[in-house]
$ cat coords.cif   # mmCIF, C-alpha atoms
data_work
#
loop_
_atom_site.label_atom_id
_atom_site.label_comp_id
_atom_site.auth_asym_id
_atom_site.auth_seq_id
_atom_site.Cartn_x
_atom_site.Cartn_y
_atom_site.Cartn_z
CA MET A 92 0.00 0.00 0.00
CA ILE A 93 2.78 2.41 0.94
CA GLY A 94 4.64 1.51 -2.25
CA PHE A 95 1.52 2.19 -4.33
CA LEU A 96 0.99 5.58 -2.66
CA TRP A 97 4.64 6.52 -3.15
CA GLU A 98 4.44 5.50 -6.81
CA THR A 99 1.25 7.53 -7.26
CA PHE A 100 2.90 10.54 -5.63
CA LYS A 101 5.85 10.31 -8.02
CA ILE A 102 3.53 10.05 -11.03
CA LYS A 103 1.11 12.82 -10.03
CA CYS A 104 3.52 15.31 -8.47
CA LEU A 105 6.85 14.61 -10.17
CA GLY A 106 5.85 12.88 -13.39
CA GLY A 107 8.24 9.99 -12.75
CA LEU A 108 8.88 8.33 -16.11
CA ARG A 109 9.93 4.99 -14.64
CA GLU A 110 6.82 4.82 -12.45
CA GLU A 111 4.57 5.56 -15.42
CA VAL A 112 6.26 2.84 -17.46
CA ALA A 113 6.12 0.34 -14.57
CA ARG A 114 2.38 0.93 -14.17
CA GLU A 115 1.85 0.55 -17.91
CA VAL A 116 3.82 -2.72 -17.95
CA ARG A 117 1.76 -4.08 -15.05
CA ARG A 118 -1.47 -3.23 -16.86
CA HIS A 119 -0.23 -5.07 -19.93
CA LEU A 120 0.84 -8.14 -17.95
CA ARG A 121 -2.54 -8.35 -16.22
CA THR A 122 -4.21 -8.70 -19.62
CA ASN A 123 -1.75 -11.35 -20.84
CA SER A 124 -3.25 -14.81 -20.36
CA ALA A 125 0.12 -16.59 -20.65
CA ILE A 126 1.54 -14.51 -17.80
CA ARG A 127 -1.57 -14.90 -15.65
CA ASN A 128 -1.52 -18.70 -16.02
CA VAL A 129 1.93 -19.03 -14.47
CA PRO A 130 1.55 -20.65 -11.01
CA GLN A 131 2.02 -18.07 -8.23
CA PRO A 132 1.18 -19.46 -4.78
CA PHE A 133 0.00 -16.96 -2.20
CA GLY A 134 3.09 -17.46 -0.05
CA TYR A 135 5.35 -16.87 -3.03
CA ARG A 136 3.60 -13.60 -3.88
CA MET A 137 3.89 -12.34 -0.31
CA LEU A 138 7.57 -13.24 -0.06
CA LYS A 139 8.27 -11.64 -3.42
CA ARG A 140 6.66 -8.40 -2.24
CA PHE A 141 8.74 -8.38 0.94
CA TYR A 142 12.08 -9.70 -0.33
CA GLY A 143 11.91 -9.23 -4.10
CA LYS A 144 14.05 -6.11 -4.53
CA GLY A 145 15.09 -5.32 -0.98
CA GLY A 146 18.70 -4.69 -0.03
CA LEU A 147 20.29 -4.12 3.35
CA LEU A 148 19.78 -0.35 3.24
CA SER A 149 16.19 -0.79 2.09
CA PHE A 150 15.32 -2.99 5.08
CA LEU A 151 17.05 -0.63 7.52
CA LEU A 152 15.17 2.36 6.10
CA ARG A 153 11.85 0.53 6.35
CA TYR A 154 12.58 -0.33 9.95
CA ALA A 155 13.62 3.25 10.73
CA GLY A 156 10.28 4.46 9.41
CA LEU A 157 8.38 1.86 11.43
CA TYR A 158 10.46 2.69 14.50
CA ALA A 159 9.62 6.38 14.23
CA ILE A 160 5.91 5.65 13.74
CA ILE A 161 5.80 3.38 16.81
CA MET A 162 7.67 5.89 18.95
CA LEU A 163 5.44 8.79 17.91
CA GLY A 164 2.35 6.63 18.40
CA CYS A 165 3.35 5.66 21.93
CA ALA A 166 4.18 9.27 22.78
CA ALA A 167 0.78 10.35 21.42
CA ILE A 168 -1.02 7.73 23.53
CA VAL A 169 0.76 8.95 26.66
CA SER A 170 -0.19 12.55 25.89
CA LEU A 171 -3.82 11.94 24.91
CA PHE A 172 -4.74 9.03 27.18
CA PRO A 173 -2.46 9.18 30.24
CA ASN A 174 -4.77 6.95 32.29
CA TRP A 175 -4.20 4.07 29.89
CA VAL A 176 -0.47 3.92 30.53
CA PRO A 177 1.01 2.05 33.50
CA LYS A 178 3.70 3.99 35.31
CA SER A 179 6.76 1.98 34.37
CA GLY A 180 9.46 4.19 32.93
CA LEU A 181 13.08 3.22 32.34
CA ASN A 182 13.55 1.86 35.84
CA SER A 183 10.99 -0.84 35.26
CA ASP A 184 11.92 -4.40 36.14
CA ARG A 185 10.87 -5.34 32.62
CA LEU A 186 14.01 -3.85 31.06
CA PRO A 187 16.28 -6.86 31.80
CA ASP A 188 13.57 -9.15 30.40
CA VAL A 189 13.40 -7.07 27.23
CA GLN A 190 17.16 -7.32 26.84
CA ASN A 191 17.08 -11.08 27.39
CA VAL A 192 14.31 -11.66 24.85
CA THR A 193 16.11 -9.44 22.35
CA SER A 194 19.31 -11.43 22.81
CA TYR A 195 17.35 -14.66 22.18
CA PHE A 196 15.97 -13.18 18.97
CA LEU A 197 19.48 -12.15 17.94
CA ALA A 198 20.83 -15.65 18.55
CA ALA A 199 18.01 -17.21 16.51
CA GLN A 200 18.61 -14.79 13.66
CA ALA A 201 22.35 -15.51 13.71
CA VAL A 202 21.64 -19.25 13.42
CA MET A 203 19.40 -18.54 10.43
CA ILE A 204 22.12 -16.54 8.67
CA GLY A 205 24.64 -19.28 9.42
CA LEU A 206 22.36 -21.81 7.73
CA LEU A 207 21.48 -19.65 4.73
CA PHE A 208 24.82 -18.89 3.13
CA PRO A 209 26.37 -22.41 3.14
CA VAL A 210 23.26 -23.81 1.43
CA ALA A 211 23.32 -21.03 -1.18
CA LEU A 212 27.03 -21.56 -1.89
CA GLY A 213 26.51 -25.31 -2.14
CA VAL A 214 23.70 -24.99 -4.69
CA ILE A 215 25.68 -22.46 -6.71
CA SER A 216 28.65 -24.84 -6.74
CA LEU A 217 26.45 -27.67 -8.02
CA ILE A 218 25.05 -25.46 -10.77
CA THR A 219 28.45 -24.23 -11.95
CA GLN A 220 30.03 -27.71 -11.94
CA ARG A 221 27.49 -29.31 -14.25
CA GLU A 222 28.75 -30.67 -17.55
CA ASP A 223 26.14 -28.71 -19.49
CA ALA A 224 27.48 -25.21 -18.92
CA SER A 225 25.39 -23.56 -21.64
CA SER A 226 22.59 -22.65 -19.24
CA THR A 227 24.73 -22.04 -16.15
CA VAL A 228 24.38 -18.26 -16.14
CA SER A 229 20.63 -18.33 -16.75
CA ASP A 230 20.12 -21.01 -14.09
CA LEU A 231 22.07 -18.93 -11.58
CA GLN A 232 19.82 -15.98 -12.34
CA VAL A 233 16.73 -18.16 -11.95
CA TYR A 234 17.94 -19.59 -8.64
CA TYR A 235 18.98 -16.19 -7.35
CA SER A 236 15.56 -14.74 -8.19
CA GLU A 237 13.31 -17.64 -7.21
CA SER A 238 14.96 -18.44 -3.87
CA PHE A 239 15.10 -14.79 -2.71
CA ALA A 240 18.60 -15.59 -1.45
CA PHE A 241 19.81 -12.00 -1.51
CA GLY A 242 16.65 -10.57 0.04
CA VAL A 243 16.49 -13.17 2.81
CA GLY A 244 20.16 -12.64 3.63
CA ALA A 245 19.81 -8.86 3.61
CA SER A 246 16.73 -9.03 5.83
CA GLY A 247 18.49 -11.33 8.29
CA ILE A 248 21.55 -9.10 8.52
CA ALA A 249 19.35 -6.00 8.91
CA LEU A 250 17.38 -7.61 11.74
CA SER A 251 20.63 -8.69 13.41
CA ILE A 252 21.91 -5.11 13.31
CA VAL A 253 18.63 -3.82 14.72
CA LEU A 254 18.55 -6.38 17.54
CA ALA A 255 22.20 -5.80 18.42
CA ILE A 256 21.48 -2.09 18.85
CA HIS A 257 18.19 -2.71 20.62
CA VAL A 258 19.88 -4.77 23.35
CA PHE A 259 21.06 -1.46 24.82
CA TRP A 260 17.48 -0.06 24.68
CA PRO A 261 18.35 3.35 23.17
CA ALA A 262 14.70 4.25 22.56
CA GLY A 263 13.98 4.24 26.28
CA TYR A 264 16.55 6.95 26.89
CA VAL A 265 15.18 9.00 24.02
CA LEU A 266 11.64 8.77 25.40
CA GLU A 267 12.82 9.74 28.86
CA TYR A 268 14.76 12.70 27.48
CA LEU A 269 11.64 13.89 25.62
CA GLY A 270 9.52 13.54 28.75
CA PHE A 271 7.60 10.43 27.67
CA SER A 272 9.19 7.85 29.94
CA ASP A 273 5.74 6.47 30.80
CA ALA A 274 5.42 5.32 27.19
CA GLY A 275 8.27 2.86 27.74
CA THR A 276 6.02 -0.11 28.50
CA TYR A 277 3.88 0.30 25.39
CA PHE A 278 6.96 0.85 23.29
CA GLU A 279 8.66 -2.27 24.67
CA VAL A 280 5.68 -4.47 23.90
CA VAL A 281 4.97 -3.12 20.42
CA LEU A 282 8.63 -3.21 19.41
CA LEU A 283 9.07 -6.76 20.70
CA ILE A 284 6.02 -7.85 18.72
CA ALA A 285 7.42 -6.16 15.60
CA HIS A 286 10.79 -7.89 16.05
CA LEU A 287 9.09 -11.24 16.64
CA LEU A 288 6.97 -10.89 13.50
CA TRP A 289 10.01 -9.92 11.44
CA LEU A 290 11.91 -12.92 12.81
CA LEU A 291 9.02 -15.28 12.02
CA VAL A 292 8.77 -13.93 8.48
CA ASN A 293 12.51 -14.47 8.06
CA PHE A 294 12.16 -18.06 9.24
CA ALA A 295 9.27 -18.62 6.83
CA ALA A 296 11.45 -17.21 4.05
CA LEU A 297 14.32 -19.46 5.15
CA TRP A 298 12.04 -22.49 4.88
CA TYR A 299 10.99 -21.42 1.39
CA PHE A 300 14.66 -20.87 0.51
CA LEU A 301 15.58 -24.39 1.67
CA VAL A 302 12.68 -25.97 -0.22
CA THR A 303 13.57 -24.05 -3.37
CA SER A 304 17.26 -24.93 -3.07
CA LEU A 305 16.58 -28.65 -2.67
CA SER A 306 13.95 -28.65 -5.42
CA PHE A 307 16.16 -26.82 -7.88
CA MET A 308 18.11 -29.97 -8.67
CA ARG A 309 14.95 -31.68 -9.94
CA PRO A 310 14.41 -31.04 -13.69
CA ALA A 311 10.63 -30.63 -13.41
CA GLN A 312 10.86 -28.07 -10.61
CA ARG A 313 13.70 -26.26 -12.35
CA ALA A 314 11.61 -25.99 -15.52
CA LEU A 315 8.72 -24.54 -13.51
CA MET A 316 11.03 -21.99 -11.89
CA ARG A 317 12.44 -21.02 -15.27
CA ARG A 318 8.94 -20.45 -16.59
CA ARG A 319 7.98 -18.37 -13.57
CA TYR A 320 11.21 -16.37 -13.75
CA ALA A 321 10.63 -15.62 -17.42
CA ALA A 322 7.02 -14.56 -16.87
CA LEU A 323 7.45 -12.54 -13.67
CA THR A 324 10.99 -11.17 -13.92
CA ALA A 325 12.67 -11.43 -17.32
CA ILE A 326 9.74 -10.35 -19.51
CA PRO A 327 8.68 -7.40 -17.27
CA ASP A 328 12.30 -6.21 -17.08
CA TYR A 329 12.67 -6.48 -20.86
CA LEU A 330 9.45 -4.57 -21.48
CA THR A 331 10.39 -1.91 -18.94
CA VAL A 332 13.81 -1.26 -20.46
CA HIS A 333 12.56 -1.00 -24.03
CA LEU A 334 9.49 1.04 -23.16
CA LEU A 335 11.63 3.42 -21.09
CA ASN A 336 13.97 3.96 -24.02
CA HIS A 337 11.07 4.52 -26.40
CA ARG A 338 9.25 6.95 -24.11
CA TYR A 339 12.43 8.83 -23.29
CA ILE A 340 14.04 9.14 -26.72
CA VAL A 341 11.05 9.14 -29.07
CA ARG A 342 7.98 10.42 -27.22
CA LEU A 343 9.18 12.57 -24.33
CA ALA A 344 10.35 15.48 -26.48
CA ALA A 345 7.02 15.59 -28.34
CA GLU A 346 4.99 15.38 -25.11
CA ILE A 347 6.95 18.16 -23.42
CA ALA A 348 6.83 20.32 -26.54
CA LYS A 349 3.05 19.98 -26.65
CA LYS A 350 2.56 20.79 -22.97
CA VAL A 351 4.92 23.77 -22.76
CA GLY A 352 4.06 25.26 -26.14
CA TRP A 353 7.40 24.43 -27.74
CA ASP A 354 7.41 25.22 -31.47
CA LYS A 355 9.42 22.40 -33.03
CA ALA A 356 9.74 24.35 -36.26
CA LYS A 357 11.84 26.99 -34.47
CA THR A 358 13.46 24.99 -31.70
CA ALA A 359 14.66 21.46 -30.97
CA LEU A 360 14.53 19.28 -27.88
CA LEU A 361 16.69 16.16 -27.83
CA PHE A 362 16.87 13.40 -25.21
CA GLY A 363 19.62 10.82 -25.09
CA GLY A 364 21.69 12.60 -27.72
CA ARG A 365 25.46 12.85 -27.76
CA LEU A 366 26.06 15.36 -30.51
CA GLU A 367 28.81 17.12 -28.52
CA ARG A 368 27.85 20.53 -29.78
CA GLY A 369 26.75 23.74 -28.13
CA GLU A 370 27.47 25.16 -24.70
CA VAL A 371 27.62 22.86 -21.70
CA GLU A 372 24.88 24.06 -19.36
CA LEU A 373 25.11 21.40 -16.66
CA ASN A 374 27.65 18.74 -15.81
CA ASN A 375 28.52 16.74 -12.72
CA LYS A 376 31.70 14.68 -12.82
CA ALA A 377 30.63 12.85 -9.67
CA LEU A 378 27.95 11.13 -11.79
CA SER A 379 30.45 9.97 -14.41
CA GLY A 380 29.91 6.31 -15.30
CA GLN A 381 26.45 6.15 -13.73
CA VAL A 382 23.35 5.29 -15.75
CA LEU A 383 20.05 7.09 -15.91
CA SER A 384 17.47 5.57 -13.57
CA ASN A 385 14.48 7.90 -13.79
CA VAL A 386 13.32 11.24 -15.16
CA TRP A 387 11.03 13.58 -13.24
CA GLN A 388 9.11 15.10 -16.12
CA LYS A 389 7.10 17.82 -14.38
CA PRO A 390 10.05 19.72 -12.87
CA LEU A 391 11.80 19.38 -16.23
CA MET A 392 8.77 20.81 -18.04
CA TRP A 393 8.73 23.72 -15.62
CA VAL A 394 12.37 24.50 -16.43
CA ILE A 395 11.80 24.30 -20.18
CA ARG A 396 8.69 26.49 -20.00
CA ARG A 397 10.46 29.03 -17.81
CA TRP A 398 13.57 29.09 -20.00
CA LEU A 399 11.49 29.42 -23.17
CA LYS A 400 9.62 32.40 -21.72
CA ARG A 401 12.90 34.08 -20.86
CA CYS A 402 14.15 33.41 -24.38
CA ASN A 403 11.04 35.04 -25.84
CA LYS A 404 11.69 38.17 -23.81
CA VAL A 405 15.15 38.56 -25.27
CA GLU A 406 15.10 40.11 -28.71
CA GLY A 407 16.38 37.72 -31.35
CA ALA A 408 16.65 34.71 -29.04
CA VAL A 409 13.82 32.78 -30.69
CA GLY A 410 15.11 33.62 -34.13
CA SER A 411 18.40 31.98 -33.26
CA GLN A 412 16.56 28.65 -32.91
CA PRO A 413 17.53 27.72 -29.33
CA ASP A 414 18.01 23.99 -28.78
CA LEU A 415 18.38 21.91 -25.63
CA ASP A 416 20.17 18.57 -25.68
CA PHE A 417 19.77 16.35 -22.60
CA CYS A 418 22.61 13.83 -22.76
CA PRO A 419 21.72 11.13 -20.16
CA ASP A 420 20.58 7.81 -21.58
CA PHE A 421 19.02 4.72 -20.04
CA ARG A 422 21.22 2.49 -22.19
CA ARG A 423 24.64 4.06 -21.68
CA PRO A 424 26.55 5.39 -18.68
CA LEU A 425 27.15 9.11 -18.40
CA SER A 426 30.28 10.44 -20.09
CA ASP A 427 33.52 11.06 -18.23
CA ASP A 428 32.72 14.76 -18.06
CA GLY A 429 29.30 14.02 -16.55
CA ILE A 430 27.55 16.29 -19.06
CA ILE A 431 23.79 16.39 -18.48
CA CYS A 432 22.60 19.30 -20.63
CA ARG A 433 23.88 21.28 -23.62
CA ARG A 434 22.40 24.40 -25.18
CA ILE A 435 22.57 25.77 -28.70
CA GLY A 436 21.41 29.36 -29.05
CA GLY A 437 18.99 31.08 -26.73
CA ILE A 438 20.08 32.34 -23.32
CA PRO A 439 21.89 30.40 -20.58
CA LEU A 440 19.96 28.58 -17.90
CA ASP A 441 20.02 30.34 -14.55
CA LYS A 442 21.08 28.72 -11.26
CA ILE A 443 17.56 27.66 -10.31
CA GLU A 444 16.95 26.03 -13.68
CA ARG A 445 20.27 24.18 -13.55
CA PHE A 446 19.50 22.91 -10.06
CA VAL A 447 16.04 21.65 -11.06
CA VAL A 448 17.41 19.97 -14.20
CA GLY A 449 20.05 18.23 -12.10
CA GLN A 450 17.38 16.95 -9.72
CA SER A 451 15.05 15.89 -12.54
CA PHE A 452 17.51 13.30 -13.86
CA ARG A 453 17.99 10.48 -11.36
CA PHE A 454 21.05 8.25 -11.66
CA LYS A 455 22.25 5.00 -10.17
CA ALA A 456 25.51 3.08 -10.23
CA LYS A 457 25.99 0.82 -13.21
CA LYS A 458 25.63 -2.87 -12.41
CA PRO A 459 28.89 -4.81 -12.81
#
$ encode --input "coords.cif" --output "structure tokens"
Amino acid sequence: MIGFLWETFKIKCLGGLREEVAREVRRHLRTNSAIRNVPQPFGYRMLKRFYGKGGLLSFLLRYAGLYAIIMLGCAAIVSLFPNWVPKSGLNSDRLPDVQNVTSYFLAAQAVMIGLLFPVALGVISLITQREDASSTVSDLQVYYSESFAFGVGASGIALSIVLAIHVFWPAGYVLEYLGFSDAGTYFEVVLLIAHLLWLLVNFAALWYFLVTSLSFMRPAQRALMRRRYAALTAIPDYLTVHLLNHRYIVRLAAEIAKKVGWDKAKTALLFGGRLERGEVELNNKALSGQVLSNVWQKPLMWVIRRWLKRCNKVEGAVGSQPDLDFCPDFRRPLSDDGIICRRIGGIPLDKIERFVVGQSFRFKAKKP
């Protein structure tokens, strides 16, 4: 739900190109009978939502958000309904019990991590040592995706970090400093329940990982996993990449020109071009070698509209046929100079416009 709201916010407020394409791809896949007929058990769908694309930082950020919500909620309960809260505070006898339970959780999570990685390495070794090496790379991708090995490992490490910090009960001191020490009991209980649920989900994912790992050696199960990987991962990724390139290079210039009143007969707007002409308006060498991840269209439209109005106010600027060339490309990493925008004719972008353009193009590190 939160992911859907965040995606909607990016589409409505920022005009996120990747989010628009992702939603369009999902609509297409829902109407494709071949994709819909691929077996997707309920447990698999839930685990894919939780572990599918999560890394260590992603899990820690999710927990930080949940942590803040729980803390604010407990503080609000103490303020609004003081009679509901038992007077416990930091000096409560429950604190040693909380630390003991947390240490038990940490030990259980450490055992899970110790079991996960040897099994994963063993299966990978079996795959790579087969005589038929033609499908080794694809089978590794299928196993990596279908077993959620990376997501389960990242979640386990994230929970271990959280529990190791929580042993010292830092939240209690924060609540006492803010004057909400009476909220300690509620916070202890809710946080312990959250940690327990996370641990149980990790154990459920570990069980699924073990079943998948042991089943992967069976040809029938491996064929089913390949089919599911192709339908739910490979095909959506392929469609997303190609649709992003098409929308960005072919359609985006026309859409922006129509919305901002850009006369293509007098001016030009180019995306993904590397013509190496004109004045460099914006570059960032720190982004050199990174690839384009997303484009926020609405801020970019605002810049183009604002710049075009300023050009119209300058005598002769429109007659000089001002062009803007946005160099980032979804298919290629950014140049060594980190050039993002070039201008031919017209007037230079001001500091505000350069800043907004820099924020409108979102980059990520290129995968090895």
$ closest_residue --input "coords.cif" --among "A:Gln388, A:Ser251, A:Thr193, A:Gln381" --to "Ile284 in chain A" --atoms "all atoms listed in the file"
A:Thr193
$ residues_around --input "coords.cif" --residues "range 304-319 of chain A" --least-positions-apart "6" --cutoff "10 Å" --atoms "all atoms listed in the file" --output "MDAnalysis selection string"
chainID A and resid 126 128:131 210:211 213:215 217:218 229:230 232:238 240 298 325
$ atom_distance --input "coords.cif" --atom1 "CA of Gly369 in chain A" --atom2 "CA of Phe421 in chain A"
22.1 Å
$ closest_residue --input "coords.cif" --among "A:Lys349, A:His337, A:Arg453, A:Arg136" --to "Trp387 in chain A" --atoms "all atoms listed in the file"
A:Arg453
$ closest_residue --input "coords.cif" --among "A:Tyr320, A:Phe239, A:Tyr158, A:Phe446" --to "Ala295 in chain A" --atoms "only C-alpha atoms"
A:Phe239
$ atom_distance --input "coords.cif" --atom1 "CA of Ile161 in chain A" --atom2 "CA of Ile256 in chain A"
16.7 Å
$ atom_distance --input "coords.cif" --atom1 "CA of Leu231 in chain A" --atom2 "CA of Tyr299 in chain A"
17.2 Å
